[in-house]
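Shown next, in structure tokens, is the structure this report addresses.
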Amino acid sequence: MSSSYLPATTDSIAQALEAKTPSEAISILYRVLENPSSAPDALRIKEQAITNLSDLLRQENRAEELRSFLTQLRPFFALIPKAKTAKIVRGIIDDVAKIPGTSDLQISLCKEVVQWTRAEKRTFLRQRVEAKLAALLMDNKEYPEALNLLSGLIKEVRRLDDKLLLVDINLLESKLHFSLRNLPKAKASLTAARTAANAIYVPPAQQGNIDLQSGILHAEEKDYKTAYSYFFEAFEAFNALEDPRAVFSLKYMLLCKIMVSQADDVAGIISSKAGLQYVGPELDAMKAVADAHSKRSLKLFETALRDFRAQLEEDPIVHRHLSSLYDTLLEQNLCRLIEPFSRVEIAHIAELIELPVDHVEKKLSQMILDKKFAGTLDQGAGCLVIFDDPKADAIYPATLETISNIGKVVDSLYVRSAKIMT
């Protein structure tokens with residue numbers, strides 16, 4: 001132990017706060033922690049020094065030093081209660097997470113902490129760090145490893161009946177299955193999270209998370225009205241907490257409005273009192289898509305995709321619905337263009353809509369098969385022939401009804417004759 005340590009007193013903490021540079025403050029705090037005293041007051045001062053030092057290292061983006069700092073603190077953890085140890089460890093892991101570009105370091109740090117907690121039999125801390133590790137693995141797209149970790153953790157937490165942690169883990173499992181495009185299991189995990197949440201008090205932020213995930217799953221099933229109501233609940237929760245996720249909830253609310261062809265409502269929501277707080281690129285992107293949808297303009301839609309690429313195509317939730325929205329817009333545009341014609345060249349439609357001929361031809365054939373309009377493709381002449389909407393001939397249903405009635409009469413006569421014979 002170095003002889004240059006400082007006394008573990010409030011004066012030493014004040015000296016660190018008054019230091020002229022962060023490096024000097026960090027050096028002072030390290031010297032406070034080198035003090036061998038284990039008196040209750042000294043331990044309390046050291047806890048404060050750890051918090052301050054962790055904050056300074058985060059501000060200086062010294063992620064590797066935070067990692068080694070956590071390892072150095074292990075002898076100190078033997079002197080303080082397990083609950084305080086858990087708070088410090090999770091705080092340092094969170095500080096590392098706030099430093100950009102440290103996802104791999106966070107994963108290796110969490111794995112180290114899990115090994116240490118297993119050796120020290122610190123179950124409470126281990127379970128929470130494992131949940132954090134599973135979330136990091138999911139963000140890193142290491143889905144099989146995350147799923148294996150969660151499946152074992154869920155069984156263990158169910159036995160302990162830790163409802164709050166169970167809500168976190170089930171919600172995380174739902175997000176993981178959704179990322180793997182396994183919608184039934186994602187819904188089952190979300191239902192399990194809701195069941196656990198109903199038995200306890202859930203913090204508003206966590207309830208917002210549950211509502212947000214519910215909205216995402218309903219939107220995936222094309223139930224946009226229900227999804228909108230969940231996104232609205234999530235938005236209200238995050239907005240009250242001034243959580244940055246509020247803007248994403250609002251963004252998904254606008255997406256739902258567009259997907260149910262209520263794009264005209266988007267401007268009203270953005271200009272509302274709640275919407276004005278979050279005006280920025282995210283809402284501008286949705287407004288541009290709504291304008292394109294209202295005007296049934298593919299060109300404006302493609303411009304919006306190009307101008308707001310980060311907000312639209314790089315958002316995994318919005319991106320899932322963009323192809324469906326693009327198809328809807330393309331169908332609306334084609335229907336509008338072919339409306340005045342009974343026969344028109346495919347090349348002319350392609351020129352009007354500014355898309356390749358083969359792409360337009362493929363889409364028209366798909367629309368005919370889906371019965372979006374009555375027509376046929378004359379590929380020899382390169383033309384689309386549009387038929388008038390066929391009027392339903394009433395004779396066929398009437399004939400079927402008559403045959404059905406005759407069948408009933410025959411059955412009735414057969415039953416009567418059978419009775420007479422007996």
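So you can find residues: chains in the structure tokens are A, B, ... in the order shown, residues in each start at 1, and ligands are numbered from 1 in order.
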
Do you know which residues are at most 12 Å from region 298-307 of chain A counting only C-alpha atoms, after dropping those on the same chain fewer than 2 positions away, and could you put them as a JSON list (two decimals) with N, CA and C atoms, in the first residue's frame?
```json
[["chain", "number", "residue", "atom", "x", "y", "z"],
["A", 281, "PRO", "N", -35.41, 16.26, -36.31],
["A", 281, "PRO", "CA", -35.28, 15.39, -37.49],
["A", 281, "PRO", "C", -36.24, 14.19, -37.48],
["A", 282, "GLU", "N", -36.49, 13.59, -36.29],
["A", 282, "GLU", "CA", -37.35, 12.40, -36.22],
["A", 282, "GLU", "C", -38.77, 12.73, -36.69],
["A", 283, "LEU", "N", -39.32, 13.83, -36.18],
["A", 283, "LEU", "CA", -40.69, 14.21, -36.56],
["A", 283, "LEU", "C", -40.74, 14.79, -37.97],
["A", 284, "ASP", "N", -39.66, 15.50, -38.36],
["A", 284, "ASP", "CA", -39.60, 16.03, -39.74],
["A", 284, "ASP", "C", -39.63, 14.90, -40.76],
["A", 285, "ALA", "N", -38.96, 13.80, -40.43],
["A", 285, "ALA", "CA", -38.94, 12.63, -41.33],
["A", 285, "ALA", "C", -40.34, 12.07, -41.51],
["A", 286, "MET", "N", -41.09, 11.93, -40.40],
["A", 286, "MET", "CA", -42.44, 11.38, -40.49],
["A", 286, "MET", "C", -43.38, 12.35, -41.21],
["A", 287, "LYS", "N", -43.15, 13.65, -41.02],
["A", 287, "LYS", "CA", -43.99, 14.66, -41.70],
["A", 287, "LYS", "C", -43.76, 14.58, -43.22],
["A", 288, "ALA", "N", -42.50, 14.36, -43.63],
["A", 288, "ALA", "CA", -42.19, 14.25, -45.06],
["A", 288, "ALA", "C", -42.86, 13.01, -45.65],
["A", 289, "VAL", "N", -42.84, 11.89, -44.91],
["A", 289, "VAL", "CA", -43.49, 10.66, -45.38],
["A", 289, "VAL", "C", -45.01, 10.86, -45.45],
["A", 290, "ALA", "N", -45.56, 11.54, -44.45],
["A", 290, "ALA", "CA", -47.01, 11.81, -44.43],
["A", 290, "ALA", "C", -47.42, 12.68, -45.63],
["A", 291, "ASP", "N", -46.61, 13.70, -45.94],
["A", 291, "ASP", "CA", -46.90, 14.55, -47.10],
["A", 291, "ASP", "C", -46.89, 13.73, -48.39],
["A", 292, "ALA", "N", -45.89, 12.86, -48.51],
["A", 292, "ALA", "CA", -45.78, 12.00, -49.71],
["A", 292, "ALA", "C", -47.00, 11.09, -49.81],
["A", 293, "HIS", "N", -47.43, 10.55, -48.67],
["A", 293, "HIS", "CA", -48.58, 9.65, -48.65],
["A", 293, "HIS", "C", -49.87, 10.40, -49.01],
["A", 294, "SER", "N", -50.02, 11.61, -48.47],
["A", 294, "SER", "CA", -51.23, 12.41, -48.76],
["A", 294, "SER", "C", -51.34, 12.74, -50.24],
["A", 295, "LYS", "N", -50.18, 13.05, -50.84],
["A", 295, "LYS", "CA", -50.16, 13.43, -52.26],
["A", 295, "LYS", "C", -50.01, 12.22, -53.18],
["A", 296, "ARG", "N", -49.93, 11.03, -52.57],
["A", 296, "ARG", "CA", -49.72, 9.77, -53.33],
["A", 296, "ARG", "C", -48.54, 9.92, -54.30],
["A", 309, "ARG", "N", -32.52, 9.47, -44.17],
["A", 309, "ARG", "CA", -32.10, 8.05, -44.16],
["A", 309, "ARG", "C", -31.89, 7.54, -42.73],
["A", 310, "ALA", "N", -31.19, 8.33, -41.91],
["A", 310, "ALA", "CA", -30.89, 7.89, -40.54],
["A", 310, "ALA", "C", -32.16, 7.69, -39.73],
["A", 311, "GLN", "N", -33.17, 8.55, -39.93],
["A", 311, "GLN", "CA", -34.40, 8.48, -39.14],
["A", 311, "GLN", "C", -35.38, 7.42, -39.65],
["A", 312, "LEU", "N", -35.29, 7.05, -40.93],
["A", 312, "LEU", "CA", -36.26, 6.12, -41.52],
["A", 312, "LEU", "C", -35.67, 4.74, -41.76],
["A", 313, "GLU", "N", -34.69, 4.64, -42.66],
["A", 313, "GLU", "CA", -34.18, 3.31, -43.02],
["A", 313, "GLU", "C", -33.32, 2.70, -41.93],
["A", 314, "GLU", "N", -32.66, 3.53, -41.11],
["A", 314, "GLU", "CA", -31.78, 2.99, -40.07],
["A", 314, "GLU", "C", -32.52, 2.72, -38.76],
["A", 315, "ASP", "N", -33.80, 3.11, -38.70],
["A", 315, "ASP", "CA", -34.64, 2.77, -37.55],
["A", 315, "ASP", "C", -35.28, 1.41, -37.85],
["A", 318, "VAL", "N", -39.31, 1.40, -37.96],
["A", 318, "VAL", "CA", -39.90, 2.12, -39.10],
["A", 318, "VAL", "C", -39.55, 1.40, -40.40],
["A", 319, "HIS", "N", -38.31, 0.91, -40.48],
["A", 319, "HIS", "CA", -37.85, 0.26, -41.71],
["A", 319, "HIS", "C", -38.70, -0.96, -42.07],
["A", 322, "LEU", "N", -41.66, 0.33, -44.01],
["A", 322, "LEU", "CA", -41.44, 1.19, -45.19],
["A", 322, "LEU", "C", -41.76, 0.48, -46.50],
["A", 323, "SER", "N", -41.39, -0.81, -46.61],
["A", 323, "SER", "CA", -41.65, -1.53, -47.86],
["A", 323, "SER", "C", -43.15, -1.67, -48.09],
["A", 325, "LEU", "N", -45.42, 0.38, -46.93],
["A", 325, "LEU", "CA", -45.90, 1.72, -47.26],
["A", 325, "LEU", "C", -45.56, 2.08, -48.71],
["A", 326, "TYR", "N", -44.36, 1.68, -49.14],
["A", 326, "TYR", "CA", -43.94, 1.95, -50.52],
["A", 326, "TYR", "C", -44.86, 1.22, -51.51],
["A", 327, "ASP", "N", -45.16, -0.05, -51.19],
["A", 327, "ASP", "CA", -46.07, -0.82, -52.05],
["A", 327, "ASP", "C", -47.45, -0.18, -52.12],
["A", 328, "THR", "N", -47.94, 0.30, -50.98],
["A", 328, "THR", "CA", -49.25, 0.97, -50.94],
["A", 328, "THR", "C", -49.24, 2.21, -51.83],
["A", 329, "LEU", "N", -48.17, 3.01, -51.67],
["A", 329, "LEU", "CA", -48.05, 4.23, -52.49],
["A", 329, "LEU", "C", -47.96, 3.90, -53.97],
["A", 330, "LEU", "N", -47.18, 2.87, -54.29],
["A", 330, "LEU", "CA", -47.01, 2.47, -55.69],
["A", 330, "LEU", "C", -48.35, 2.02, -56.29],
["A", 331, "GLU", "N", -49.10, 1.24, -55.52],
["A", 331, "GLU", "CA", -50.42, 0.79, -55.99],
["A", 331, "GLU", "C", -51.37, 1.97, -56.19],
["A", 332, "GLN", "N", -51.36, 2.91, -55.23],
["A", 332, "GLN", "CA", -52.22, 4.09, -55.35],
["A", 332, "GLN", "C", -51.86, 4.91, -56.58],
["A", 333, "ASN", "N", -50.55, 5.07, -56.81],
["A", 333, "ASN", "CA", -50.09, 5.83, -57.98],
["A", 333, "ASN", "C", -50.49, 5.16, -59.28],
["A", 334, "LEU", "N", -50.29, 3.83, -59.34],
["A", 334, "LEU", "CA", -50.64, 3.11, -60.57],
["A", 334, "LEU", "C", -52.15, 3.16, -60.82],
["A", 352, "LEU", "N", -44.45, 7.88, -66.82],
["A", 352, "LEU", "CA", -45.20, 8.80, -65.96],
["A", 352, "LEU", "C", -44.81, 8.65, -64.49],
["A", 353, "ILE", "N", -44.59, 7.41, -64.08],
["A", 353, "ILE", "CA", -44.30, 7.14, -62.67],
["A", 353, "ILE", "C", -42.80, 7.18, -62.36],
["A", 354, "GLU", "N", -41.98, 7.28, -63.43],
["A", 354, "GLU", "CA", -40.52, 7.39, -63.32],
["A", 354, "GLU", "C", -39.90, 6.17, -62.63],
["A", 355, "LEU", "N", -40.31, 4.98, -63.13],
["A", 355, "LEU", "CA", -39.76, 3.72, -62.63],
["A", 355, "LEU", "C", -39.43, 2.81, -63.81]]
```

Which of these, A:Ser27, A:Thr376, A:Glu236, A:Lys111, has the shortest distance to Ile93 (chain A) once you count only C-alpha atoms?
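Of the candidates, the smallest distance to Ile93 (chain A) is held by A:Lys111.
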
Here is a test: counting only C-alpha atoms, which residue of A:Arg159, A:Ala8, A:Tyr224, A:Ala418 is nearest to Lys257 (chain A)?
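Result for the nearest residue to Lys257 (chain A): A:Tyr224.
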
Selection: 8 Å around Leu190 (chain A), only C-alpha atoms, excl. self and same-chain fewer than 4 positions, as a ChimeraX atom specification
/A:170-171,174,186,194,210,213-214

Contacts of region 50-59 of chain A at 8 Å (only C-alpha atoms; same-chain gap of 2+ positions) as a ChimeraX atom specification
/A:22,26,29-30,33,46-48,61-63,65-66,88,92,95-96,98-99

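Reported to one decimal place, the separation of CA of Ala131 (chain A) from CA of Val114 (chain A) is 10.5 Å.
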
Find, counting only C-alpha atoms, the residue in A:Tyr5, A:Cys256, A:Ala49, A:Arg343 that gets nearest to Leu17 (chain A).
A:Ala49

Helix (DSSP H, G or I) per DSSP on the backbone: members of region 53-166 of chain A, as a VMD selection string:
chain A and resid 53 to 59 63 to 72 74 to 77 82 to 97 103 to 120 123 to 139 143 to 160 163 to 166
